[in-house]
$ cat entry07.cif   # mmCIF, C-alpha atoms and all ligand atoms
data_my_file
loop_
_atom_site.group_PDB
_atom_site.id
_atom_site.type_symbol
_atom_site.label_atom_id
_atom_site.label_comp_id
_atom_site.auth_asym_id
_atom_site.auth_seq_id
_atom_site.Cartn_x
_atom_site.Cartn_y
_atom_site.Cartn_z
ATOM 1 C CA MET E 1461 179.772 134.043 185.763
ATOM 2 C CA LYS E 1462 176.408 135.698 185.075
ATOM 3 C CA LYS E 1463 174.566 136.441 188.294
ATOM 4 C CA ILE E 1464 171.073 135.051 188.833
ATOM 5 C CA PRO E 1465 168.526 137.874 189.232
ATOM 6 C CA VAL E 1466 166.492 137.182 192.364
ATOM 7 C CA ILE E 1467 163.581 138.745 194.217
ATOM 8 C CA LEU E 1468 163.389 137.547 197.811
ATOM 9 C CA ASP E 1469 159.819 137.428 199.119
ATOM 10 C CA CYS E 1470 159.933 137.162 202.897
ATOM 11 C CA ASP E 1471 158.376 137.742 206.339
ATOM 12 C CA PRO E 1472 161.319 138.352 208.724
ATOM 13 C CA GLY E 1473 161.488 136.358 211.052
ATOM 14 C CA HIS E 1474 164.853 135.100 212.372
ATOM 15 C CA ASP E 1475 165.555 132.630 209.585
ATOM 16 C CA ASP E 1476 164.322 135.140 206.987
ATOM 17 C CA ALA E 1477 166.867 137.634 208.340
ATOM 18 C CA VAL E 1478 169.680 135.136 207.769
ATOM 19 C CA ALA E 1479 168.280 134.435 204.298
ATOM 20 C CA ILE E 1480 168.350 138.161 203.414
ATOM 21 C CA VAL E 1481 172.023 138.473 204.322
ATOM 22 C CA LEU E 1482 172.878 135.211 202.569
ATOM 23 C CA ALA E 1483 171.110 136.317 199.367
ATOM 24 C CA ALA E 1484 172.738 139.747 199.414
ATOM 25 C CA ARG E 1485 176.217 138.384 200.023
ATOM 26 C CA SER E 1486 176.154 135.448 197.639
ATOM 27 C CA PRO E 1487 178.238 136.076 194.523
ATOM 28 C CA GLU E 1488 175.922 133.827 192.489
ATOM 29 C CA ILE E 1489 172.935 136.142 193.083
ATOM 30 C CA GLU E 1490 171.944 139.627 192.005
ATOM 31 C CA LEU E 1491 169.401 140.626 194.662
ATOM 32 C CA VAL E 1492 167.029 142.856 192.699
ATOM 33 C CA GLY E 1493 164.657 143.537 195.575
ATOM 34 C CA ILE E 1494 163.080 142.313 198.786
ATOM 35 C CA THR E 1495 159.302 142.024 198.944
ATOM 36 C CA CYS E 1496 157.620 141.606 202.316
ATOM 37 C CA VAL E 1497 154.439 139.804 203.200
ATOM 38 C CA ALA E 1498 152.409 139.251 206.353
ATOM 39 C CA GLY E 1499 153.385 136.012 208.067
ATOM 40 C CA ASN E 1500 155.581 135.634 211.116
ATOM 41 C CA VAL E 1501 154.313 139.112 212.123
ATOM 42 C CA GLU E 1502 152.118 141.787 210.496
ATOM 43 C CA VAL E 1503 153.399 143.183 207.190
ATOM 44 C CA GLU E 1504 154.241 146.616 208.649
ATOM 45 C CA GLN E 1505 156.619 144.803 210.969
ATOM 46 C CA THR E 1506 158.071 142.371 208.419
ATOM 47 C CA ALA E 1507 158.909 145.367 206.193
ATOM 48 C CA ALA E 1508 160.402 147.282 209.137
ATOM 49 C CA ASN E 1509 162.458 144.213 210.030
ATOM 50 C CA ALA E 1510 163.725 143.775 206.462
ATOM 51 C CA LEU E 1511 164.846 147.422 206.453
ATOM 52 C CA LYS E 1512 166.651 146.995 209.776
ATOM 53 C CA VAL E 1513 168.430 143.877 208.541
ATOM 54 C CA CYS E 1514 169.482 145.759 205.396
ATOM 55 C CA GLY E 1515 170.679 148.665 207.528
ATOM 56 C CA LEU E 1516 172.675 146.366 209.802
ATOM 57 C CA ALA E 1517 174.243 144.496 206.884
ATOM 58 C CA GLY E 1518 175.034 147.673 204.923
ATOM 59 C CA LEU E 1519 172.656 146.749 202.090
ATOM 60 C CA ARG E 1520 171.779 150.316 201.231
ATOM 61 C CA THR E 1521 170.970 149.737 197.564
ATOM 62 C CA VAL E 1522 168.597 146.775 197.849
ATOM 63 C CA PRO E 1523 165.038 148.150 197.602
ATOM 64 C CA VAL E 1524 162.452 146.862 200.097
ATOM 65 C CA PHE E 1525 158.728 146.702 199.263
ATOM 66 C CA LYS E 1526 155.666 146.129 201.423
ATOM 67 C CA GLY E 1527 153.079 143.665 200.138
ATOM 68 C CA MET E 1528 149.924 141.912 201.226
ATOM 69 C CA ALA E 1529 148.726 142.491 204.770
ATOM 70 C CA GLN E 1530 146.324 139.522 204.845
ATOM 71 C CA PRO E 1531 146.121 136.063 203.306
ATOM 72 C CA LEU E 1532 143.676 135.733 200.368
ATOM 73 C CA LEU E 1533 140.868 134.216 202.484
ATOM 74 C CA ASN E 1534 142.184 133.312 205.940
ATOM 75 C CA GLU E 1535 142.553 135.562 208.916
ATOM 76 C CA LEU E 1536 146.290 136.143 209.372
ATOM 77 C CA LEU E 1537 147.954 133.683 211.726
ATOM 78 C CA THR E 1538 151.312 134.974 212.987
ATOM 79 C CA ALA E 1539 154.211 133.155 214.676
ATOM 80 C CA GLU E 1540 155.007 135.613 217.461
ATOM 81 C CA HIS E 1541 155.172 132.655 219.843
ATOM 82 C CA ILE E 1542 158.321 131.614 217.949
ATOM 83 C CA HIS E 1543 159.874 134.846 216.623
ATOM 84 C CA GLY E 1544 158.734 137.161 219.436
ATOM 85 C CA LYS E 1545 156.532 140.237 219.317
ATOM 86 C CA SER E 1546 158.910 142.140 217.013
ATOM 87 C CA GLY E 1547 159.436 139.106 214.779
ATOM 88 C CA LEU E 1548 163.154 139.475 215.520
ATOM 89 C CA ASP E 1549 163.362 139.290 219.294
ATOM 90 C CA GLY E 1550 166.731 138.572 220.872
ATOM 91 C CA ALA E 1551 168.827 141.518 219.701
ATOM 92 C CA GLU E 1552 168.294 145.248 219.440
ATOM 93 C CA LEU E 1553 168.833 146.007 215.751
ATOM 94 C CA PRO E 1554 170.011 149.599 215.275
ATOM 95 C CA PRO E 1555 167.431 152.025 213.866
ATOM 96 C CA THR E 1556 167.890 152.716 210.157
ATOM 97 C CA ASP E 1557 167.229 155.650 207.848
ATOM 98 C CA LEU E 1558 166.323 153.215 205.053
ATOM 99 C CA THR E 1559 162.674 153.404 204.024
ATOM 100 C CA VAL E 1560 160.215 151.202 202.239
ATOM 101 C CA GLN E 1561 159.668 151.936 198.514
ATOM 102 C CA PRO E 1562 156.403 153.612 197.460
ATOM 103 C CA THR E 1563 155.509 150.820 194.983
ATOM 104 C CA HIS E 1564 153.425 147.884 196.237
ATOM 105 C CA ALA E 1565 155.374 144.594 196.396
ATOM 106 C CA VAL E 1566 152.955 142.900 193.984
ATOM 107 C CA ASP E 1567 153.449 145.639 191.353
ATOM 108 C CA PHE E 1568 157.214 145.444 191.804
ATOM 109 C CA LEU E 1569 157.187 141.661 191.293
ATOM 110 C CA ILE E 1570 155.204 141.988 188.068
ATOM 111 C CA GLU E 1571 157.309 144.871 186.771
ATOM 112 C CA LYS E 1572 160.620 143.121 187.380
ATOM 113 C CA ILE E 1573 159.491 139.804 185.907
ATOM 114 C CA PHE E 1574 158.695 141.744 182.723
ATOM 115 C CA THR E 1575 162.065 143.535 182.902
ATOM 116 C CA PHE E 1576 163.945 140.205 183.156
ATOM 117 C CA PRO E 1577 161.788 137.932 180.935
ATOM 118 C CA HIS E 1578 162.542 134.198 181.489
ATOM 119 C CA GLU E 1579 165.386 135.142 183.853
ATOM 120 C CA MET E 1580 163.890 136.080 187.214
ATOM 121 C CA THR E 1581 164.096 133.637 190.112
ATOM 122 C CA ILE E 1582 161.733 134.271 192.997
ATOM 123 C CA ILE E 1583 162.833 132.903 196.347
ATOM 124 C CA ALA E 1584 159.699 132.767 198.498
ATOM 125 C CA ILE E 1585 160.223 132.184 202.207
ATOM 126 C CA GLY E 1586 156.932 133.364 203.692
ATOM 127 C CA PRO E 1587 153.255 132.727 202.957
ATOM 128 C CA LEU E 1588 152.682 132.851 199.189
ATOM 129 C CA THR E 1589 150.142 135.707 199.196
ATOM 130 C CA ASN E 1590 152.258 138.251 197.265
ATOM 131 C CA ILE E 1591 153.187 135.744 194.566
ATOM 132 C CA ALA E 1592 149.603 134.494 194.157
ATOM 133 C CA MET E 1593 148.324 138.078 193.901
ATOM 134 C CA ALA E 1594 150.921 138.867 191.245
ATOM 135 C CA ILE E 1595 149.763 135.815 189.247
ATOM 136 C CA LEU E 1596 146.114 136.842 189.600
ATOM 137 C CA ARG E 1597 146.857 140.445 188.591
ATOM 138 C CA GLU E 1598 149.096 139.582 185.634
ATOM 139 C CA PRO E 1599 148.796 135.928 184.529
ATOM 140 C CA ARG E 1600 151.439 136.440 181.807
ATOM 141 C CA ILE E 1601 154.125 136.305 184.490
ATOM 142 C CA THR E 1602 153.566 132.548 184.676
ATOM 143 C CA GLU E 1603 155.202 132.300 181.222
ATOM 144 C CA LEU E 1604 157.953 134.789 182.021
ATOM 145 C CA THR E 1605 159.205 133.730 185.468
ATOM 146 C CA LYS E 1606 162.241 131.466 185.313
ATOM 147 C CA GLN E 1607 161.506 129.660 188.569
ATOM 148 C CA ILE E 1608 160.209 129.886 192.116
ATOM 149 C CA VAL E 1609 162.240 128.274 194.866
ATOM 150 C CA LEU E 1610 160.164 128.257 198.009
ATOM 151 C CA MET E 1611 160.547 127.253 201.610
ATOM 152 C CA GLY E 1612 157.293 125.659 202.638
ATOM 153 C CA GLY E 1613 155.349 122.461 202.969
ATOM 154 C CA ALA E 1614 156.397 118.975 203.979
ATOM 155 C CA MET E 1615 156.116 115.427 202.728
ATOM 156 C CA GLY E 1616 156.079 114.303 206.361
ATOM 157 C CA MET E 1617 154.870 116.038 209.522
ATOM 158 C CA GLY E 1618 153.872 119.689 209.573
ATOM 159 C CA ASN E 1619 154.877 122.234 212.184
ATOM 160 C CA VAL E 1620 151.597 124.125 212.756
ATOM 161 C CA THR E 1621 149.358 121.086 212.594
ATOM 162 C CA PRO E 1622 150.459 117.484 212.070
ATOM 163 C CA SER E 1623 149.514 118.036 208.419
ATOM 164 C CA ALA E 1624 150.686 121.525 207.584
ATOM 165 C CA GLU E 1625 153.803 123.675 207.560
ATOM 166 C CA PHE E 1626 153.456 127.359 208.574
ATOM 167 C CA ASN E 1627 154.011 129.182 205.245
ATOM 168 C CA ILE E 1628 151.459 127.010 203.446
ATOM 169 C CA TYR E 1629 149.025 126.852 206.376
ATOM 170 C CA VAL E 1630 148.808 130.653 206.641
ATOM 171 C CA ASP E 1631 147.571 130.973 203.056
ATOM 172 C CA PRO E 1632 146.680 127.645 201.421
ATOM 173 C CA GLU E 1633 144.603 129.307 198.677
ATOM 174 C CA ALA E 1634 147.635 131.349 197.632
ATOM 175 C CA ALA E 1635 149.825 128.251 197.738
ATOM 176 C CA ARG E 1636 147.379 126.400 195.491
ATOM 177 C CA ILE E 1637 147.486 129.213 192.915
ATOM 178 C CA VAL E 1638 151.295 129.185 192.942
ATOM 179 C CA PHE E 1639 151.655 125.387 192.748
ATOM 180 C CA ASN E 1640 149.111 125.230 189.892
ATOM 181 C CA SER E 1641 150.584 128.198 188.001
ATOM 182 C CA GLY E 1642 152.894 126.248 185.713
ATOM 183 C CA ILE E 1643 155.927 128.255 186.861
ATOM 184 C CA PRO E 1644 158.880 125.865 187.407
ATOM 185 C CA LEU E 1645 158.855 125.294 191.145
ATOM 186 C CA THR E 1646 161.167 123.855 193.766
ATOM 187 C CA MET E 1647 159.699 123.100 197.175
ATOM 188 C CA ILE E 1648 162.156 123.074 200.068
ATOM 189 C CA GLY E 1649 160.076 121.600 202.877
ATOM 190 C CA LEU E 1650 160.474 120.634 206.513
ATOM 191 C CA ASP E 1651 161.762 117.194 205.490
ATOM 192 C CA VAL E 1652 165.110 118.801 204.675
ATOM 193 C CA THR E 1653 165.101 122.089 206.631
ATOM 194 C CA HIS E 1654 164.687 120.135 209.881
ATOM 195 C CA GLN E 1655 168.155 118.738 209.208
ATOM 196 C CA VAL E 1656 169.752 122.202 209.313
ATOM 197 C CA LEU E 1657 169.572 122.765 213.060
ATOM 198 C CA VAL E 1658 170.909 125.650 215.096
ATOM 199 C CA SER E 1659 173.281 124.243 217.726
ATOM 200 C CA ARG E 1660 175.276 126.040 220.419
ATOM 201 C CA ASP E 1661 178.406 125.207 218.512
ATOM 202 C CA ILE E 1662 177.057 126.863 215.360
ATOM 203 C CA ILE E 1663 176.063 129.975 217.309
ATOM 204 C CA GLU E 1664 179.572 130.190 218.764
ATOM 205 C CA GLN E 1665 181.141 129.809 215.325
ATOM 206 C CA ILE E 1666 179.024 132.693 214.079
ATOM 207 C CA ARG E 1667 179.825 134.834 217.130
ATOM 208 C CA GLN E 1668 183.546 134.173 216.705
ATOM 209 C CA ASN E 1669 183.432 135.877 213.316
ATOM 210 C CA GLY E 1670 183.856 138.932 215.493
ATOM 211 C CA THR E 1671 181.962 141.534 213.464
ATOM 212 C CA SER E 1672 178.990 143.392 214.944
ATOM 213 C CA LEU E 1673 176.793 141.755 212.298
ATOM 214 C CA ALA E 1674 177.966 138.307 213.408
ATOM 215 C CA HIS E 1675 177.403 139.248 217.045
ATOM 216 C CA THR E 1676 173.859 140.403 216.388
ATOM 217 C CA PHE E 1677 173.063 137.259 214.422
ATOM 218 C CA ALA E 1678 174.507 135.029 217.124
ATOM 219 C CA SER E 1679 172.217 136.715 219.680
ATOM 220 C CA LEU E 1680 169.204 136.442 217.372
ATOM 221 C CA LEU E 1681 169.824 132.755 216.754
ATOM 222 C CA ALA E 1682 170.392 132.016 220.433
ATOM 223 C CA TRP E 1683 167.023 133.634 221.218
ATOM 224 C CA TYR E 1684 165.289 131.782 218.347
ATOM 225 C CA ASN E 1685 166.743 128.501 219.535
ATOM 226 C CA ALA E 1686 165.674 129.077 223.137
ATOM 227 C CA SER E 1687 162.186 130.038 221.972
ATOM 228 C CA LEU E 1688 161.769 126.851 219.924
ATOM 229 C CA ASN E 1689 163.303 124.778 222.681
ATOM 230 C CA ALA E 1690 160.870 126.129 225.272
ATOM 231 C CA LEU E 1691 157.938 125.345 222.973
ATOM 232 C CA SER E 1692 158.848 121.926 221.628
ATOM 233 C CA GLY E 1693 162.019 120.761 223.328
ATOM 234 C CA GLU E 1694 163.700 120.796 219.909
ATOM 235 C CA LEU E 1695 166.487 122.800 218.297
ATOM 236 C CA ALA E 1696 165.439 125.542 215.892
ATOM 237 C CA ALA E 1697 165.833 124.905 212.169
ATOM 238 C CA MET E 1698 167.378 127.297 209.649
ATOM 239 C CA HIS E 1699 164.479 126.879 207.220
ATOM 240 C CA ASP E 1700 164.592 129.888 204.918
ATOM 241 C CA PRO E 1701 168.313 130.118 204.096
ATOM 242 C CA CYS E 1702 168.042 126.607 202.604
ATOM 243 C CA ALA E 1703 166.005 128.046 199.723
ATOM 244 C CA VAL E 1704 168.694 130.660 199.051
ATOM 245 C CA ALA E 1705 171.453 128.063 199.348
ATOM 246 C CA MET E 1706 169.641 125.924 196.760
ATOM 247 C CA VAL E 1707 169.723 128.766 194.232
ATOM 248 C CA CYS E 1708 173.422 129.428 194.902
ATOM 249 C CA ASP E 1709 174.442 125.769 194.722
ATOM 250 C CA PRO E 1710 171.821 123.216 193.621
ATOM 251 C CA SER E 1711 174.218 120.381 194.507
ATOM 252 C CA LEU E 1712 173.444 121.031 198.202
ATOM 253 C CA ILE E 1713 169.888 119.704 197.982
ATOM 254 C CA ALA E 1714 168.585 116.610 196.194
ATOM 255 C CA THR E 1715 165.134 116.898 194.627
ATOM 256 C CA GLU E 1716 162.591 114.616 192.994
ATOM 257 C CA LEU E 1717 159.933 115.550 190.487
ATOM 258 C CA MET E 1718 156.494 115.218 192.073
ATOM 259 C CA ARG E 1719 152.863 116.172 191.823
ATOM 260 C CA VAL E 1720 152.090 118.484 194.740
ATOM 261 C CA ASP E 1721 148.506 119.454 195.518
ATOM 262 C CA ILE E 1722 147.514 121.831 198.274
ATOM 263 C CA GLU E 1723 144.708 120.713 200.564
ATOM 264 C CA THR E 1724 142.411 123.659 201.243
ATOM 265 C CA ARG E 1725 139.364 121.989 202.753
ATOM 266 C CA GLY E 1726 140.263 119.192 205.154
ATOM 267 C CA GLU E 1727 139.198 119.730 208.755
ATOM 268 C CA PHE E 1728 142.527 118.330 209.979
ATOM 269 C CA THR E 1729 144.567 118.613 206.805
ATOM 270 C CA ARG E 1730 144.077 122.195 205.544
ATOM 271 C CA GLY E 1731 147.400 123.504 204.271
ATOM 272 C CA ARG E 1732 148.895 120.075 203.593
ATOM 273 C CA THR E 1733 151.216 119.689 200.617
ATOM 274 C CA VAL E 1734 150.049 116.355 199.214
ATOM 275 C CA CYS E 1735 153.128 115.001 197.435
ATOM 276 C CA ALA E 1736 153.035 112.136 194.962
ATOM 277 C CA ARG E 1737 156.023 110.778 193.081
ATOM 278 C CA GLY E 1738 155.703 111.373 189.348
ATOM 279 C CA PHE E 1739 152.159 111.341 188.004
ATOM 280 C CA SER E 1740 149.255 111.368 190.443
ATOM 281 C CA ALA E 1741 146.078 109.921 188.966
ATOM 282 C CA GLY E 1742 147.131 111.250 185.567
ATOM 283 C CA ARG E 1743 148.005 114.692 186.929
ATOM 284 C CA MET E 1744 151.271 116.165 185.693
ATOM 285 C CA PRO E 1745 154.209 116.662 188.071
ATOM 286 C CA ASN E 1746 154.402 120.343 189.031
ATOM 287 C CA ALA E 1747 157.327 120.682 191.450
ATOM 288 C CA ARG E 1748 160.774 119.462 192.313
ATOM 289 C CA VAL E 1749 160.551 118.507 195.976
ATOM 290 C CA ALA E 1750 163.596 118.500 198.243
ATOM 291 C CA VAL E 1751 164.320 114.992 199.504
ATOM 292 C CA GLY E 1752 167.880 115.291 200.826
ATOM 293 C CA ILE E 1753 170.274 117.996 202.017
ATOM 294 C CA ASN E 1754 173.950 118.289 202.840
ATOM 295 C CA ALA E 1755 173.485 120.159 206.138
ATOM 296 C CA PRO E 1756 177.193 120.588 206.998
ATOM 297 C CA ARG E 1757 177.846 122.220 203.616
ATOM 298 C CA VAL E 1758 174.815 124.504 204.032
ATOM 299 C CA TRP E 1759 176.111 125.624 207.451
ATOM 300 C CA LYS E 1760 179.587 126.150 206.009
ATOM 301 C CA MET E 1761 178.144 128.443 203.361
ATOM 302 C CA LEU E 1762 176.026 130.311 205.922
ATOM 303 C CA ILE E 1763 178.821 130.847 208.422
ATOM 304 C CA GLU E 1764 181.258 131.993 205.730
ATOM 305 C CA ARG E 1765 178.801 134.413 204.184
ATOM 306 C CA LEU E 1766 177.614 135.894 207.513
ATOM 307 C CA ARG E 1767 181.214 136.869 208.169
HETATM 308 C C1 LIG G 1 158.654 128.822 208.091
HETATM 309 O O1 LIG G 1 157.805 129.460 209.030
HETATM 310 C C2 LIG G 1 158.362 130.659 209.473
HETATM 311 O O2 LIG G 1 158.148 130.842 210.839
HETATM 312 C C3 LIG G 1 159.824 130.605 209.116
HETATM 313 O O3 LIG G 1 160.321 131.905 208.857
HETATM 314 C C4 LIG G 1 159.861 129.741 207.891
HETATM 315 O O4 LIG G 1 159.667 130.508 206.713
HETATM 316 C C5 LIG G 1 159.009 127.449 208.615
HETATM 317 O O5 LIG G 1 157.865 126.677 208.754
HETATM 318 CA CA CA G 2 159.873 132.928 206.704
#
$ encode --input "entry07.cif" --output "structure tokens"
Amino acid sequence: MKKIPVILDCDPGHDDAVAIVLAARSPEIELVGITCVAGNVEVEQTAANALKVCGLAGLRTVPVFKGMAQPLLNELLTAEHIHGKSGLDGAELPPTDLTVQPTHAVDFLIEKIFTFPHEMTIIAIGPLTNIAMAILREPRITELTKQIVLMGGAMGMGNVTPSAEFNIYVDPEAARIVFNSGIPLTMIGLDVTHQVLVSRDIIEQIRQNGTSLAHTFASLLAWYNASLNALSGELAAMHDPCAVAMVCDPSLIATELMRVDIETRGEFTRGRTVCARGFSAGRMPNARVAVGINAPRVWKMLIERLR
């Protein structure tokens, strides 16, 4: 089976950390690189966290790149109230000798899309600033990128405001550029990721894998769950790994073709992904939107591959 070349654009983040390990350990994927963006925490920290996760998981050959430090127009809004000051509170990840690559993440994205014309899949699980910048810098990548599978948005309720999900809310202008780019797009939103919940039982199953990696991830997820629970009374959701799981096995998530427009101006609706089935006032569909997920099978894949 030919592996799918993937660049993972992320802002670790607890669920991003799980997504990194899942992408690196999935036989379906060739993880060409990890690009980091400002989101859950500042970009210096998301890059440092990606390196630590790679160090912990023994991913010594996956290059890590630092990207945009700020959204295109907004001030950066972080999610330290959910992921902690480090972005990965809850476990002490061992220091690593791995270092960030000298190339900027945006240049790396462009270069690799040209190296793998019509083959590269981008899995985007943070704000879309790096991807939008790459499109602005080199518009030809819109013809050459195979697909973007992103975690972000919602047909229903948001999680930062009633209208908007975090990754889109942080940089709606970037999201609009990406959704309007013409690159084949799959949007994995809160409607499905909120079905993949971290329970005590799941954490125990991960811990029982016995390895130090599994132990660290169990502690991280327990902290993430407690943090979400204290804020909202709800269980935490494993958002980002769903996007990776979709690339590995598209049968896990059902999608529908829709027109998705990004609201950038509304006083109460900025960052909303406005989803319409099929054509919207004559506008062409531009994304496959996740409408259903097999959560038990996603967890099975995650637990097996964290082992
Ligand atoms: C998204 O926001 C971030 O906090 C998570 O890492 C995920 O990418 C969920 O709304
Ligand atoms: Ca994320």
$ residues_around --input "entry07.cif" --residues "segment 1587-1597 of chain E" --least-positions-apart "4" --cutoff "9 Å" --atoms "all atoms listed in the file" --output "PyMOL selection string"
chain E and resi 1469-1471+1495-1500+1527-1532+1565-1567+1569-1570+1582+1601-1602+1610+1612+1626-1638+1641
$ resolve_selection --input "entry07.cif" --expression "the PyMOL selection byres (((chain E and resi 1735) around 7) and not hetatm)" --output "short mmCIF file (atom, residue, chain, number, x, y, z; two decimals) with C-alpha atoms, in the frame of the given file"
data_model
loop_
_atom_site.label_atom_id
_atom_site.label_comp_id
_atom_site.auth_asym_id
_atom_site.auth_seq_id
_atom_site.Cartn_x
_atom_site.Cartn_y
_atom_site.Cartn_z
CA MET E 1615 156.12 115.43 202.73
CA MET E 1718 156.49 115.22 192.07
CA ARG E 1719 152.86 116.17 191.82
CA VAL E 1720 152.09 118.48 194.74
CA ASP E 1721 148.51 119.45 195.52
CA THR E 1733 151.22 119.69 200.62
CA VAL E 1734 150.05 116.36 199.21
CA ALA E 1736 153.04 112.14 194.96
CA ARG E 1737 156.02 110.78 193.08
#
$ closest_atom_pairs --input "entry07.cif" --of "segment 1727-1767 of chain E" --to "segment 1670-1686 of chain E" --cutoff "10 Å" --atoms "only C-alpha atoms" --output "tab-separated table"
residue	atom	partner	partner_atom	distance
E:Ile1763	CA	E:Ala1674	CA	9.0
E:Leu1766	CA	E:Ala1674	CA	6.4
E:Arg1767	CA	E:Ala1674	CA	6.3
$ residues_near_ligand --input "entry07.cif" --ligand "ligand CA 2 (chain G)" --cutoff "7 Å" --atoms "all atoms listed in the file" --output "PDB file with C-alpha atoms, keeping the file's coordinate frame"
ATOM      1  CA  CYS E1470     159.933 137.162 202.897  1.00  0.00           C
ATOM      2  CA  ASP E1471     158.376 137.742 206.339  1.00  0.00           C
ATOM      3  CA  PRO E1472     161.319 138.352 208.724  1.00  0.00           C
ATOM      4  CA  GLY E1473     161.488 136.358 211.052  1.00  0.00           C
ATOM      5  CA  ASP E1475     165.555 132.630 209.585  1.00  0.00           C
ATOM      6  CA  ASP E1476     164.322 135.140 206.987  1.00  0.00           C
ATOM      7  CA  ASN E1500     155.581 135.634 211.116  1.00  0.00           C
ATOM      8  CA  ILE E1585     160.223 132.184 202.207  1.00  0.00           C
ATOM      9  CA  GLY E1586     156.932 133.364 203.692  1.00  0.00           C
ATOM     10  CA  ASP E1700     164.592 129.888 204.918  1.00  0.00           C
TER      11      ASP E1700
END
$ residues_around --input "entry07.cif" --residues "Gly1613 of chain E" --least-positions-apart "2" --cutoff "7 Å" --atoms "only C-alpha atoms" --output "list in words"
Ala1624, Glu1625, Ile1628, Gly1649, Leu1650, Arg1732 and Thr1733 of chain E
$ atom_distance --input "entry07.cif" --atom1 "atom CA of Thr1729 of chain E" --atom2 "atom CA of Ala1690 of chain E"
25.8 Å
$ residues_around --input "entry07.cif" --residues "Gln1561 of chain E" --least-positions-apart "3" --cutoff "8 Å" --atoms "all atoms listed in the file" --output "list in words"
Pro1523, Val1524, Phe1525, Lys1526 and His1564 of chain E
$ closest_residue --input "entry07.cif" --among "E:Pro1554, E:Pro1562, E:Gly1618, E:Pro1710" --to "ligand LIG 1 (chain G)" --atoms "only C-alpha atoms and all ligand atoms"
E:Gly1618
$ decode --input "entry07.cif" --residues "segment 1549-1553 of chain E" --atoms "all heavy atoms" --output "PDB file, in the first residue's frame"
ATOM      1  N   ASP E1549       0.029  20.916  30.082  1.00  0.00           N
ATOM      2  CA  ASP E1549       0.109  20.680  31.520  1.00  0.00           C
ATOM      3  C   ASP E1549      -0.431  19.295  31.861  1.00  0.00           C
ATOM      4  O   ASP E1549      -1.272  18.747  31.140  1.00  0.00           O
ATOM      5  CB  ASP E1549      -0.708  21.745  32.283  1.00  0.00           C
ATOM      6  CG  ASP E1549       0.069  23.058  32.428  1.00  0.00           C
ATOM      7  OD1 ASP E1549       1.086  23.230  31.724  1.00  0.00           O
ATOM      8  OD2 ASP E1549      -0.353  23.900  33.245  1.00  0.00           O
ATOM      9  N   GLY E1550       0.084  18.745  32.959  1.00  0.00           N
ATOM     10  CA  GLY E1550      -0.430  17.459  33.440  1.00  0.00           C
ATOM     11  C   GLY E1550       0.611  16.369  33.470  1.00  0.00           C
ATOM     12  O   GLY E1550       0.401  15.325  34.084  1.00  0.00           O
ATOM     13  N   ALA E1551       1.722  16.566  32.768  1.00  0.00           N
ATOM     14  CA  ALA E1551       2.814  15.581  32.814  1.00  0.00           C
ATOM     15  C   ALA E1551       4.106  16.318  32.473  1.00  0.00           C
ATOM     16  O   ALA E1551       4.095  17.237  31.648  1.00  0.00           O
ATOM     17  CB  ALA E1551       2.588  14.451  31.818  1.00  0.00           C
ATOM     18  N   GLU E1552       5.165  15.893  33.114  1.00  0.00           N
ATOM     19  CA  GLU E1552       6.480  16.490  32.826  1.00  0.00           C
ATOM     20  C   GLU E1552       7.086  15.715  31.650  1.00  0.00           C
ATOM     21  O   GLU E1552       7.552  14.579  31.823  1.00  0.00           O
ATOM     22  CB  GLU E1552       7.353  16.367  34.081  1.00  0.00           C
ATOM     23  CG  GLU E1552       8.594  17.249  34.113  1.00  0.00           C
ATOM     24  CD  GLU E1552       8.282  18.731  33.914  1.00  0.00           C
ATOM     25  OE1 GLU E1552       7.397  19.242  34.650  1.00  0.00           O
ATOM     26  OE2 GLU E1552       8.900  19.334  33.037  1.00  0.00           O
ATOM     27  N   LEU E1553       7.048  16.308  30.459  1.00  0.00           N
ATOM     28  CA  LEU E1553       7.665  15.614  29.319  1.00  0.00           C
ATOM     29  C   LEU E1553       9.178  15.771  29.406  1.00  0.00           C
ATOM     30  O   LEU E1553       9.651  16.877  29.668  1.00  0.00           O
ATOM     31  CB  LEU E1553       7.141  16.170  27.997  1.00  0.00           C
ATOM     32  CG  LEU E1553       5.911  15.462  27.425  1.00  0.00           C
ATOM     33  CD1 LEU E1553       4.712  15.628  28.331  1.00  0.00           C
ATOM     34  CD2 LEU E1553       5.586  15.970  26.036  1.00  0.00           C
TER      35      LEU E1553
END
